[in-house]
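Chemist: For reference, the structure I am asking about is given below.
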2 protein chains.
Amino acid sequence: MNNGAKNGVRNGHTTIKDIANIVGVSTATVSLVLSKNSRISDETSRKVFEAVNNNSYRPSAAARSLVLNKTGNISLIVPQLSRVFLQPFFALSINGVYDACIEKGYRVQIDVAGEEFVRTRKYLRLFQERVVDGMLYIGSTFSDTYLNELPDEGYPFIFSGSYLKESKLSFVTGDNVSGGRMAVKHLLSVGRKKIAHIAGDFKVASAFDRFKGYKEALEESGIEFNPALAVSCDFTEEGAFIAAQKVLAHNPDAVFAGNDIMAAGVMKALKEAGRKVPEDVSVCGMDDIPSAALMKPALTTVRYRIYEMAHLAAKKLVDMIEGKITKKVGEVLPVELVIRESCGGKRESGITSQWSGS
Amino acid sequence: MNNGAKNGVRNGHTTIKDIANIVGVSTATVSLVLSKNSRISDETSRKVFEAVNNNSYRPSAAARSLVLNKTGNISLIVPQLSRVFLQPFFALSINGVYDACIEKGYRVQIDVAGEEFVRTRKYLRLFQERVVDGMLYIGSTFSDTYLNELPDEGYPFIFSGSYLKESKLSFVTGDNVSGGRMAVKHLLSVGRKKIAHIAGDFKVASAFDRFKGYKEALEESGIEFNPALAVSCDFTEEGAFIAAQKVLAHNPDAVFAGNDIMAAGVMKALKEAGRKVPEDVSVCGMDDIPSAALMKPALTTVRYRIYEMAHLAAKKLVDMIEGKITKKVGEVLPVELVIRESCGGKRESGITSQWSGS
DNA sequence: TTGTAAGCGTTATCAA
DNA sequence: TTGATAACGCTTACAA
């Protein structure tokens, strides 16, 4: 092999020309055989395959990408947070995206939505340079409005687990508003009256909507919203720990945490303050991450289907790339209450975790 | 734009030809200007840049990849484990690899070393199809011998955190043998005599070497190795929990766990058996993952620089790709004992976690 | 059933 | 300082 080009620079790879020469046919024939779709004689096909195998020929990705105008790459965008990959939400999302993409024959590369991403308009460049066929963003905030710059056509884009207000950009997310409501209603149902909320950053859709659900549920139940009982912090256990300490001064008998990690922080603060969960104070989380079932007490929470969400978003993205979808997708997956120990009251039997058993 | 090609199929992207036409120069000139390296008149340069900006021209990645014979992509290979991304070892490794690659201007795509990977020889194909410039494998096992098929030249490859026995493949890892010894010596130093070991899968280099260190240290201290005190299981908390229960029947006064996650399982088993840590039994982990410092009691462990390891491995890989390194790299990063509460005895002051403060 | 040749969008060599 | 042009490796009309 490597004798095909007249006098070009050889780089050690067998090319389609090499195969054509070996078999004694044209490159068109080889290409046709390899793409199966056609009417080349069995005899020729056989010979081509033989040569391909003997010389372990593989078509150059760049060459096909160039002519087909398609890369097979998808950019998975994550926010610039230290140790993003350690966070269950992102880890689960990545798993979901990855599984779906592989299934559909796409590669996934990870890009970080940091300062450089915005300043250099990488979100545009990745498309313009034809590095990727589509983009999937997990963990976006309402501040990412620059994304609206993306042209409507030819730039397949989707959010997983979030969305942008008043935007034509597609998304798949979970029903955060209902989730907030479910949590509050449940807390009410176990006899709680003074329900606090430790919310995440309101720039993040989930925090914003969960808070909204919290307020709505209170309102519907005829309970006046007390601003002193609702505080916003970052999405960490430590942040929630500190925020919870502030709120505890107002003696709530229940806390709805912005997510499960934060619920852990809340429970820690409660423990330190000498309040028993769930005897003195009920705690409800949201997400139902793997560790929720392992907490002491086991966390009652609202299940947010992170993996499924990401998986679905990726599938939708592929459909957009392949032209099977042309309009904006906006899917909202249902959430569900998972009753364990941290709120007291009745307990469902059986269900322990959506993650158990694998 | 889009008026450059005579009659080709237009795909909506501005090409170098478009720019050349607009400015009234040749494509060679445009290319030269864009690659800065040359002597094009300021006037021409200015005009070219103007046209480039006005038309938001970006060179096609596929086209340059084709002619430059270089992709700028690196494959990050992870084992096929359910929820790999949720495991601290992988999460931290990915972070390290990612940070290093970005810094060097490479993209990273994630590939899974599953059945298909091996059967279809994807590890070879990714190179042959010129999809990636190099590969970095985290979490390999001794069974991955098929990788030895990779040709010595032109297929930059490196392991992070593991290695292959009797192989020419490069690696960066931590000093697991010393780590095992350190753990045992420390346990001995706090007065323990009967030290058990809950090991990970011996097909994995770290488990194999940590066990080796454990045995060596016992031997050196004149303590006979007791097979009943050493059991191997998978790398999970649950696995270690069950394994620990078996070992507890032999009444050890200390346990060296194969990693921190497993140490958590061991402590759980101990707690359930009514044994106090560290009063009755000392527990030492290894890795020093973020949660180690948060465990109750805080885990004494051997720090394994997972992030640094991956970061260094990625940098070495890039050097291999760029021809700055031609021989096998085999780096072994030192480990260090981090004394907290779970072994009892003296405590260092100050150090709490390698992860604190960010 | 197969071959010819144009075209994908760059870079780089060699002249001018 | 610039321009023609070959080359990178493949796909795909269009002919034969």
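Every chain in the structure tokens takes a letter, A first, then B, and so on in the order presented; its residues are numbered from 1, and the ligands are numbered from 1 following the presented order.
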Kindly provide, as a PyMOL selection string, the residues of chain C having any atom no farther than 9 Å from an atom of chain A, counting only C-alpha atoms (C1' of nucleotides).
Modeler: chain C and resi 1-3+7-9
Chemist: Neighbours of Gln354 of chain A within 12 Å (only C-alpha atoms (C1' of nucleotides); same-chain residues fewer than 4 positions away dropped), as number ranges by chain?
Modeler: A: 287-293, 301-308, 336-338, 350, 358
Chemist: Mind writing the picked residues with N, CA and C atoms as a PDB file, in the first residue's frame?
Modeler:
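Heads up, here's the output in result.pdb:
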```pdb
ATOM      1  N   ASP A 287     -34.660  15.839  43.307  1.00  0.00           N
ATOM      2  CA  ASP A 287     -33.759  15.232  42.316  1.00  0.00           C
ATOM      3  C   ASP A 287     -33.797  13.712  42.430  1.00  0.00           C
ATOM      4  N   ASP A 288     -33.614  13.240  43.690  1.00  0.00           N
ATOM      5  CA  ASP A 288     -33.453  11.807  43.924  1.00  0.00           C
ATOM      6  C   ASP A 288     -32.175  11.292  43.272  1.00  0.00           C
ATOM      7  N   ILE A 289     -31.086  11.854  43.730  1.00  0.00           N
ATOM      8  CA  ILE A 289     -29.785  11.359  43.269  1.00  0.00           C
ATOM      9  C   ILE A 289     -29.477  10.057  43.998  1.00  0.00           C
ATOM     10  N   PRO A 290     -28.514   9.298  43.499  1.00  0.00           N
ATOM     11  CA  PRO A 290     -28.221   7.999  44.097  1.00  0.00           C
ATOM     12  C   PRO A 290     -28.031   8.028  45.615  1.00  0.00           C
ATOM     13  N   SER A 291     -27.384   9.054  46.129  1.00  0.00           N
ATOM     14  CA  SER A 291     -27.102   9.061  47.562  1.00  0.00           C
ATOM     15  C   SER A 291     -28.306   9.413  48.433  1.00  0.00           C
ATOM     16  N   ALA A 292     -29.386   9.872  47.821  1.00  0.00           N
ATOM     17  CA  ALA A 292     -30.555  10.274  48.606  1.00  0.00           C
ATOM     18  C   ALA A 292     -31.074   9.124  49.469  1.00  0.00           C
ATOM     19  N   ALA A 293     -31.097   7.934  48.892  1.00  0.00           N
ATOM     20  CA  ALA A 293     -31.620   6.780  49.616  1.00  0.00           C
ATOM     21  C   ALA A 293     -30.678   6.333  50.723  1.00  0.00           C
ATOM     22  N   THR A 301     -37.888  12.840  48.753  1.00  0.00           N
ATOM     23  CA  THR A 301     -37.511  13.800  47.723  1.00  0.00           C
ATOM     24  C   THR A 301     -38.423  13.716  46.513  1.00  0.00           C
ATOM     25  N   VAL A 302     -38.237  14.619  45.588  1.00  0.00           N
ATOM     26  CA  VAL A 302     -39.018  14.592  44.364  1.00  0.00           C
ATOM     27  C   VAL A 302     -38.097  14.125  43.247  1.00  0.00           C
ATOM     28  N   ARG A 303     -38.480  13.062  42.621  1.00  0.00           N
ATOM     29  CA  ARG A 303     -37.622  12.468  41.600  1.00  0.00           C
ATOM     30  C   ARG A 303     -37.622  13.273  40.300  1.00  0.00           C
ATOM     31  N   TYR A 304     -36.436  13.670  39.944  1.00  0.00           N
ATOM     32  CA  TYR A 304     -36.225  14.459  38.727  1.00  0.00           C
ATOM     33  C   TYR A 304     -35.429  13.531  37.827  1.00  0.00           C
ATOM     34  N   ARG A 305     -35.951  13.195  36.687  1.00  0.00           N
ATOM     35  CA  ARG A 305     -35.302  12.159  35.887  1.00  0.00           C
ATOM     36  C   ARG A 305     -34.129  12.690  35.070  1.00  0.00           C
ATOM     37  N   ILE A 306     -33.066  12.918  35.768  1.00  0.00           N
ATOM     38  CA  ILE A 306     -31.892  13.526  35.156  1.00  0.00           C
ATOM     39  C   ILE A 306     -31.323  12.728  33.983  1.00  0.00           C
ATOM     40  N   TYR A 307     -31.111  11.466  34.225  1.00  0.00           N
ATOM     41  CA  TYR A 307     -30.552  10.624  33.166  1.00  0.00           C
ATOM     42  C   TYR A 307     -31.481  10.580  31.949  1.00  0.00           C
ATOM     43  N   GLU A 308     -32.747  10.310  32.187  1.00  0.00           N
ATOM     44  CA  GLU A 308     -33.719  10.205  31.097  1.00  0.00           C
ATOM     45  C   GLU A 308     -33.819  11.511  30.316  1.00  0.00           C
ATOM     46  N   GLU A 336     -41.914  12.945  40.312  1.00  0.00           N
ATOM     47  CA  GLU A 336     -42.765  12.185  41.224  1.00  0.00           C
ATOM     48  C   GLU A 336     -42.190  12.190  42.628  1.00  0.00           C
ATOM     49  N   LEU A 337     -43.083  12.135  43.582  1.00  0.00           N
ATOM     50  CA  LEU A 337     -42.656  12.163  44.972  1.00  0.00           C
ATOM     51  C   LEU A 337     -42.129  10.796  45.398  1.00  0.00           C
ATOM     52  N   VAL A 338     -40.999  10.799  46.087  1.00  0.00           N
ATOM     53  CA  VAL A 338     -40.448   9.542  46.596  1.00  0.00           C
ATOM     54  C   VAL A 338     -40.366   9.674  48.112  1.00  0.00           C
ATOM     55  N   GLY A 350     -41.352  -0.587  49.454  1.00  0.00           N
ATOM     56  CA  GLY A 350     -40.786  -1.023  48.177  1.00  0.00           C
ATOM     57  C   GLY A 350     -39.778  -0.062  47.587  1.00  0.00           C
ATOM     58  N   SER A 358     -28.159  -1.913  40.112  1.00  0.00           N
ATOM     59  CA  SER A 358     -27.263  -1.982  38.957  1.00  0.00           C
ATOM     60  C   SER A 358     -25.926  -1.403  39.316  1.00  0.00           C
TER      61      SER A 358
END
```
Chemist: Using DSSP assignments from the backbone, pull out every residue in segment 74-244 of chain A that falls under helix (DSSP H, G or I) and give it to me as number ranges by chain.
Modeler: A: 84-86, 88-104, 115-119, 122-128, 144-149, 176-189, 205-220, 227-229, 237-244
Chemist: Where in segment 23-160 of chain B does DSSP assign strand (DSSP E or B), given as a ChimeraX atom specification?
Modeler: /B:73-79,107-113,134-138,157-160
Chemist: For the interface of chain A with chain B (cut-off 9 Å, counting only C-alpha atoms), please tabulate each contacting residue of chain A alongside its nearest pair of atoms and their separation in Å to one decimal, rows sorted by chain and increasing number, as a Markdown table.
Modeler:
```
| residue | atom | partner | partner_atom | distance |
| --- | --- | --- | --- | --- |
| A:Asn11 | CA | B:Asn69 | CA | 7.8 |
| A:Gly12 | CA | B:Gly154 | CA | 8.5 |
| A:His13 | CA | B:Gln128 | CA | 7.0 |
| A:Thr14 | CA | B:Gln128 | CA | 8.5 |
| A:Ser56 | CA | B:Gln128 | CA | 8.4 |
| A:Tyr57 | CA | B:Gln128 | CA | 7.6 |
| A:Arg58 | CA | B:Glu129 | CA | 5.4 |
| A:Pro59 | CA | B:Glu129 | CA | 5.6 |
| A:Ser60 | CA | B:Glu129 | CA | 4.6 |
| A:Ala61 | CA | B:Glu129 | CA | 5.4 |
| A:Ala62 | CA | B:Ala62 | CA | 4.7 |
| A:Ala63 | CA | B:Leu66 | CA | 6.0 |
| A:Arg64 | CA | B:Ala62 | CA | 8.5 |
| A:Ser65 | CA | B:Ala62 | CA | 6.0 |
| A:Leu66 | CA | B:Ala62 | CA | 5.3 |
| A:Asn69 | CA | B:Asn11 | CA | 7.8 |
| A:Thr71 | CA | B:Ala62 | CA | 8.1 |
| A:Asn73 | CA | B:Gln109 | CA | 8.9 |
| A:Ser82 | CA | B:Ser358 | CA | 7.2 |
| A:Arg83 | CA | B:Asn95 | CA | 6.6 |
| A:Val84 | CA | B:Asn95 | CA | 8.0 |
| A:Phe85 | CA | B:Ala91 | CA | 5.0 |
| A:Leu86 | CA | B:Ala91 | CA | 5.3 |
| A:Gln87 | CA | B:Leu86 | CA | 7.6 |
| A:Pro88 | CA | B:Leu86 | CA | 6.3 |
| A:Phe90 | CA | B:Phe85 | CA | 8.5 |
| A:Ala91 | CA | B:Phe85 | CA | 5.0 |
| A:Leu92 | CA | B:Leu86 | CA | 7.0 |
| A:Ile94 | CA | B:Phe85 | CA | 7.5 |
| A:Asn95 | CA | B:Arg83 | CA | 6.6 |
| A:Tyr98 | CA | B:Ile110 | CA | 8.4 |
| A:Arg107 | CA | B:Gln109 | CA | 6.9 |
| A:Val108 | CA | B:Gln109 | CA | 5.6 |
| A:Gln109 | CA | B:Gln109 | CA | 4.2 |
| A:Ile110 | CA | B:Val108 | CA | 6.5 |
| A:Asp111 | CA | B:Arg107 | CA | 8.0 |
| A:Arg125 | CA | B:Arg58 | CA | 7.1 |
| A:Gln128 | CA | B:Arg58 | CA | 5.8 |
| A:Glu129 | CA | B:Ser60 | CA | 4.6 |
| A:Arg130 | CA | B:Ser60 | CA | 5.9 |
| A:Val131 | CA | B:Ala61 | CA | 5.9 |
| A:Gly154 | CA | B:Gly12 | CA | 8.5 |
| A:Ser358 | CA | B:Ser82 | CA | 7.1 |
```
Chemist: Could you save the residues just selected, with N, CA and C atoms, as a tab-separated table (two decimals), in the first residue's frame?
Modeler:
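As a result, result_28.tsv now contains:
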```tsv
chain	number	residue	atom	x	y	z
A	11	ASN	N	1.62	9.49	4.68
A	11	ASN	CA	1.52	9.59	6.13
A	11	ASN	C	1.28	8.24	6.80
A	12	GLY	N	1.53	7.19	6.05
A	12	GLY	CA	1.43	5.89	6.69
A	12	GLY	C	0.05	5.25	6.70
A	13	HIS	N	-0.93	5.89	6.11
A	13	HIS	CA	-2.26	5.29	6.11
A	13	HIS	C	-2.65	4.80	4.73
A	14	THR	N	-3.30	3.67	4.73
A	14	THR	CA	-3.81	3.14	3.48
A	14	THR	C	-4.98	4.01	3.03
A	56	SER	N	-6.06	-3.41	6.18
A	56	SER	CA	-6.77	-2.66	7.21
A	56	SER	C	-6.98	-1.20	6.79
A	57	TYR	N	-7.69	-1.08	5.71
A	57	TYR	CA	-8.03	0.26	5.22
A	57	TYR	C	-9.23	0.80	5.98
A	58	ARG	N	-9.14	2.05	6.38
A	58	ARG	CA	-10.29	2.73	6.99
A	58	ARG	C	-10.37	4.11	6.37
A	59	PRO	N	-11.54	4.49	5.94
A	59	PRO	CA	-11.70	5.82	5.33
A	59	PRO	C	-11.37	6.94	6.30
A	60	SER	N	-10.75	7.95	5.80
A	60	SER	CA	-10.39	9.11	6.61
A	60	SER	C	-11.63	9.90	7.03
A	61	ALA	N	-11.74	10.10	8.32
A	61	ALA	CA	-12.90	10.83	8.85
A	61	ALA	C	-12.93	12.25	8.29
A	62	ALA	N	-11.78	12.87	8.19
A	62	ALA	CA	-11.73	14.24	7.71
A	62	ALA	C	-12.19	14.32	6.26
A	63	ALA	N	-11.72	13.39	5.46
A	63	ALA	CA	-12.09	13.41	4.04
A	63	ALA	C	-13.59	13.22	3.85
A	64	ARG	N	-14.15	12.29	4.57
A	64	ARG	CA	-15.59	12.09	4.40
A	64	ARG	C	-16.37	13.26	5.00
A	65	SER	N	-15.87	13.74	6.12
A	65	SER	CA	-16.53	14.88	6.74
A	65	SER	C	-16.56	16.05	5.76
A	66	LEU	N	-15.46	16.21	5.07
A	66	LEU	CA	-15.35	17.33	4.13
A	66	LEU	C	-16.37	17.20	3.00
A	69	ASN	N	-20.08	16.93	4.47
A	69	ASN	CA	-20.49	18.08	5.25
A	69	ASN	C	-21.22	17.67	6.52
A	71	THR	N	-20.04	15.88	10.56
A	71	THR	CA	-18.90	15.44	11.36
A	71	THR	C	-19.15	14.20	12.20
A	73	ASN	N	-20.01	14.53	15.19
A	73	ASN	CA	-19.63	14.99	16.54
A	73	ASN	C	-20.74	15.82	17.17
A	82	SER	N	-15.97	24.29	39.35
A	82	SER	CA	-14.88	23.41	39.73
A	82	SER	C	-15.46	22.04	40.03
A	83	ARG	N	-14.82	21.06	39.44
A	83	ARG	CA	-15.26	19.67	39.66
A	83	ARG	C	-16.71	19.40	39.25
A	84	VAL	N	-17.09	19.97	38.11
A	84	VAL	CA	-18.44	19.68	37.59
A	84	VAL	C	-18.71	18.21	37.55
A	85	PHE	N	-17.73	17.47	37.07
A	85	PHE	CA	-17.96	16.05	36.84
A	85	PHE	C	-18.24	15.29	38.12
A	86	LEU	N	-17.90	15.91	39.23
A	86	LEU	CA	-18.16	15.22	40.51
A	86	LEU	C	-19.59	15.40	40.95
A	87	GLN	N	-20.30	16.33	40.34
A	87	GLN	CA	-21.67	16.56	40.77
A	87	GLN	C	-22.64	15.59	40.12
A	88	PRO	N	-23.46	14.97	40.95
A	88	PRO	CA	-24.39	13.96	40.45
A	88	PRO	C	-25.23	14.43	39.26
A	90	PHE	N	-24.55	16.48	36.90
A	90	PHE	CA	-23.78	16.47	35.67
A	90	PHE	C	-23.32	15.07	35.28
A	91	ALA	N	-22.89	14.33	36.30
A	91	ALA	CA	-22.45	12.97	36.02
A	91	ALA	C	-23.58	12.17	35.37
A	92	LEU	N	-24.76	12.28	35.93
A	92	LEU	CA	-25.90	11.54	35.40
A	92	LEU	C	-26.28	12.05	34.02
A	94	ILE	N	-24.35	13.47	31.81
A	94	ILE	CA	-23.35	13.06	30.85
A	94	ILE	C	-23.57	11.61	30.45
A	95	ASN	N	-23.86	10.79	31.44
A	95	ASN	CA	-24.16	9.39	31.14
A	95	ASN	C	-25.32	9.27	30.16
A	98	TYR	N	-24.32	10.56	26.72
A	98	TYR	CA	-23.38	9.66	26.11
A	98	TYR	C	-24.05	8.41	25.56
A	107	ARG	N	-20.27	10.82	18.11
A	107	ARG	CA	-19.24	10.97	19.13
A	107	ARG	C	-19.61	12.18	19.97
A	108	VAL	N	-19.16	12.21	21.21
A	108	VAL	CA	-19.44	13.40	21.99
A	108	VAL	C	-18.17	14.01	22.56
A	109	GLN	N	-18.05	15.29	22.37
A	109	GLN	CA	-16.91	16.00	22.92
A	109	GLN	C	-17.46	16.97	23.95
A	110	ILE	N	-16.68	17.20	24.97
A	110	ILE	CA	-17.16	18.06	26.04
A	110	ILE	C	-16.56	19.45	25.92
A	111	ASP	N	-17.39	20.45	26.01
A	111	ASP	CA	-16.91	21.82	25.98
A	111	ASP	C	-17.42	22.55	27.21
A	125	ARG	N	-18.56	29.29	16.74
A	125	ARG	CA	-17.41	28.79	16.01
A	125	ARG	C	-17.41	27.29	15.81
A	128	GLN	N	-19.43	26.92	12.88
A	128	GLN	CA	-18.85	27.52	11.69
A	128	GLN	C	-17.64	26.77	11.17
A	129	GLU	N	-16.87	26.27	12.11
A	129	GLU	CA	-15.69	25.51	11.70
A	129	GLU	C	-16.08	24.06	11.40
A	130	ARG	N	-17.34	23.79	11.55
A	130	ARG	CA	-17.86	22.45	11.29
A	130	ARG	C	-17.11	21.40	12.10
A	131	VAL	N	-16.98	21.70	13.37
A	131	VAL	CA	-16.34	20.76	14.30
A	131	VAL	C	-17.42	19.81	14.84
A	154	GLY	N	-29.70	25.08	10.73
A	154	GLY	CA	-28.36	24.58	10.51
A	154	GLY	C	-27.49	24.58	11.75
A	358	SER	N	-28.16	-1.91	40.11
A	358	SER	CA	-27.26	-1.98	38.96
A	358	SER	C	-25.93	-1.40	39.32
```
Chemist: Write out as a Markdown table the residues of chain D that have any atom within 12 Å of an atom of chain A, one row each with the nearest atom pair and its distance in Å to one decimal, counting only C-alpha atoms (C1' of nucleotides), sorted by chain and then rising number.
Modeler:
```
| residue | atom | partner | partner_atom | distance |
| --- | --- | --- | --- | --- |
| D:DA6 | C1' | A:Gly8 | CA | 9.0 |
| D:DA7 | C1' | A:Gly8 | CA | 6.5 |
| D:DC8 | C1' | A:Ala63 | CA | 8.0 |
| D:DG9 | C1' | A:Ala63 | CA | 5.1 |
| D:DC10 | C1' | A:Ala63 | CA | 5.0 |
| D:DT11 | C1' | A:Val67 | CA | 6.5 |
| D:DT12 | C1' | A:Ala28 | CA | 8.3 |
| D:DA13 | C1' | A:Ala28 | CA | 11.3 |
```
Chemist: Leaving out Leu312 of chain A and any residue of its chain fewer than 2 positions from it, which residues lie within 10 Å of it when counting only C-alpha atoms (C1' of nucleotides), given as a list in words?
Modeler: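 The residues satisfying every condition are Gly96, Val97, Ala100, Ser160, Phe171, Val172, Thr173, Ile306, Tyr307, Glu308, Met309, Ala310, Ala314, Lys315, Lys316, Leu317, Val318, Glu331 and Leu333 of chain A.
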Chemist: Since we have the selection now, will you write its residues out, keeping C-alpha atoms, as a PDB file, in the first residue's frame?
Modeler:
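What follows is the written file selection_5.pdb:
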```pdb
ATOM      1  CA  GLY A  96     -27.526   9.954  29.560  1.00  0.00           C
ATOM      2  CA  VAL A  97     -26.195  12.017  26.718  1.00  0.00           C
ATOM      3  CA  ALA A 100     -27.950   8.136  23.520  1.00  0.00           C
ATOM      4  CA  SER A 160     -31.124  19.443  28.988  1.00  0.00           C
ATOM      5  CA  PHE A 171     -35.038  22.039  25.570  1.00  0.00           C
ATOM      6  CA  VAL A 172     -35.944  18.967  27.531  1.00  0.00           C
ATOM      7  CA  THR A 173     -36.413  19.457  31.221  1.00  0.00           C
ATOM      8  CA  ILE A 306     -31.892  13.526  35.156  1.00  0.00           C
ATOM      9  CA  TYR A 307     -30.552  10.624  33.166  1.00  0.00           C
ATOM     10  CA  GLU A 308     -33.719  10.205  31.097  1.00  0.00           C
ATOM     11  CA  MET A 309     -33.886  13.915  30.462  1.00  0.00           C
ATOM     12  CA  ALA A 310     -30.384  14.022  29.083  1.00  0.00           C
ATOM     13  CA  ALA A 314     -29.648  13.868  23.040  1.00  0.00           C
ATOM     14  CA  LYS A 315     -32.028  11.801  20.971  1.00  0.00           C
ATOM     15  CA  LYS A 316     -34.002  14.872  20.050  1.00  0.00           C
ATOM     16  CA  LEU A 317     -30.815  16.652  19.122  1.00  0.00           C
ATOM     17  CA  VAL A 318     -29.850  13.854  16.791  1.00  0.00           C
ATOM     18  CA  GLU A 331     -40.412  18.645  26.494  1.00  0.00           C
ATOM     19  CA  LEU A 333     -40.800  15.319  31.918  1.00  0.00           C
TER      20      LEU A 333
END
```
Chemist: Taking into account only C-alpha atoms, which residue in the set B:Tyr123, B:Phe256, B:Phe235, B:Tyr137 is nearest to Tyr214 of chain B?
Modeler: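 Result for the nearest residue to Tyr214 of chain B: B:Phe256.
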Chemist: Tell me which of A:Pro297, A:Thr120, A:Ser189, A:Asp18 sits closest to Asn54 of chain A, counting only C-alpha atoms.
Modeler: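 For Asn54 of chain A, the nearest of the given residues is A:Asp18.
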Chemist: What does the distance from atom CA of Gly191 of chain B to atom CA of Asp253 of chain B come to in Å, to one decimal?
Modeler: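 Computing the Euclidean distance for atom CA of Gly191 of chain B and atom CA of Asp253 of chain B yields 9.3 Å.
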Chemist: Could you tell me how far atom CA of Arg121 of chain A lies from atom CA of Asp209 of chain A, in Å and to one decimal?
Modeler: 28.5 Å
Chemist: Please report the interatomic distance between atom CA of Val277 of chain B and atom CA of Gly344 of chain B in Å with one decimal.
Modeler: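 Separation between atom CA of Val277 of chain B and atom CA of Gly344 of chain B: 8.0 Å.
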Chemist: For Gly213 of chain B, find every residue with an atom within 10 Å (counting only C-alpha atoms (C1' of nucleotides)), except residues of its own chain fewer than 2 positions away, and show them as an mmCIF file with N, CA and C atoms, in the first residue's frame.
Modeler:
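This is the output file out-v3.cif:
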```
data_model
loop_
_atom_site.group_PDB
_atom_site.id
_atom_site.type_symbol
_atom_site.label_atom_id
_atom_site.label_comp_id
_atom_site.auth_asym_id
_atom_site.auth_seq_id
_atom_site.Cartn_x
_atom_site.Cartn_y
_atom_site.Cartn_z
ATOM 1 N N ASP B 175 2.046 5.794 43.237
ATOM 2 C CA ASP B 175 2.822 4.721 43.843
ATOM 3 C C ASP B 175 1.952 3.875 44.762
ATOM 4 N N ASN B 176 1.224 2.956 44.159
ATOM 5 C CA ASN B 176 0.298 2.137 44.920
ATOM 6 C C ASN B 176 0.974 1.204 45.904
ATOM 7 N N VAL B 177 2.100 0.664 45.506
ATOM 8 C CA VAL B 177 2.785 -0.258 46.414
ATOM 9 C C VAL B 177 3.188 0.494 47.688
ATOM 10 N N SER B 178 3.810 1.631 47.514
ATOM 11 C CA SER B 178 4.190 2.425 48.692
ATOM 12 C C SER B 178 2.968 2.823 49.494
ATOM 13 N N GLY B 179 1.891 3.099 48.788
ATOM 14 C CA GLY B 179 0.663 3.486 49.478
ATOM 15 C C GLY B 179 0.181 2.381 50.406
ATOM 16 N N GLY B 180 0.197 1.163 49.906
ATOM 17 C CA GLY B 180 -0.232 0.034 50.712
ATOM 18 C C GLY B 180 0.667 -0.118 51.936
ATOM 19 N N ARG B 181 1.949 0.062 51.692
ATOM 20 C CA ARG B 181 2.899 -0.054 52.804
ATOM 21 C C ARG B 181 2.678 1.041 53.839
ATOM 22 N N MET B 182 2.494 2.249 53.353
ATOM 23 C CA MET B 182 2.261 3.371 54.269
ATOM 24 C C MET B 182 1.068 3.115 55.165
ATOM 25 N N ALA B 183 0.009 2.628 54.551
ATOM 26 C CA ALA B 183 -1.212 2.379 55.315
ATOM 27 C C ALA B 183 -0.934 1.374 56.427
ATOM 28 N N VAL B 184 -0.315 0.281 56.054
ATOM 29 C CA VAL B 184 -0.035 -0.764 57.041
ATOM 30 C C VAL B 184 0.905 -0.252 58.132
ATOM 31 N N ALA B 207 -5.417 -2.066 42.676
ATOM 32 C CA ALA B 207 -5.771 -3.069 43.673
ATOM 33 C C ALA B 207 -4.623 -4.060 43.840
ATOM 34 N N PHE B 208 -4.100 -4.471 42.730
ATOM 35 C CA PHE B 208 -2.994 -5.429 42.719
ATOM 36 C C PHE B 208 -1.794 -4.890 43.493
ATOM 37 N N ASP B 209 -1.429 -3.667 43.194
ATOM 38 C CA ASP B 209 -0.239 -3.084 43.815
ATOM 39 C C ASP B 209 -0.438 -2.675 45.269
ATOM 40 N N ARG B 210 -1.633 -2.254 45.590
ATOM 41 C CA ARG B 210 -1.890 -1.882 46.980
ATOM 42 C C ARG B 210 -1.812 -3.131 47.865
ATOM 43 N N PHE B 211 -2.326 -4.197 47.324
ATOM 44 C CA PHE B 211 -2.286 -5.470 48.044
ATOM 45 C C PHE B 211 -0.825 -5.903 48.220
ATOM 46 N N LYS B 215 1.118 -6.637 51.765
ATOM 47 C CA LYS B 215 1.851 -7.852 52.122
ATOM 48 C C LYS B 215 3.314 -7.562 52.458
ATOM 49 N N GLU B 216 3.914 -6.736 51.660
ATOM 50 C CA GLU B 216 5.321 -6.400 51.894
ATOM 51 C C GLU B 216 5.532 -5.798 53.278
ATOM 52 N N ALA B 217 4.649 -4.876 53.613
ATOM 53 C CA ALA B 217 4.795 -4.197 54.906
ATOM 54 C C ALA B 217 4.628 -5.168 56.067
ATOM 55 N N LEU B 218 3.689 -6.076 55.913
ATOM 56 C CA LEU B 218 3.487 -7.064 56.981
ATOM 57 C C LEU B 218 4.750 -7.891 57.138
ATOM 58 N N GLU B 219 5.230 -8.358 56.016
ATOM 59 C CA GLU B 219 6.417 -9.187 55.993
ATOM 60 C C GLU B 219 7.592 -8.493 56.679
#
```
Chemist: So which residues touch segment 167-170 of chain B within 12 Å, counting only C-alpha atoms (C1' of nucleotides), skipping near sequence neighbours fewer than 6 positions away, as a ChimeraX atom specification?
Modeler: /B:134-137,142,144-153,155-161,313-314,316-317,320,325-332
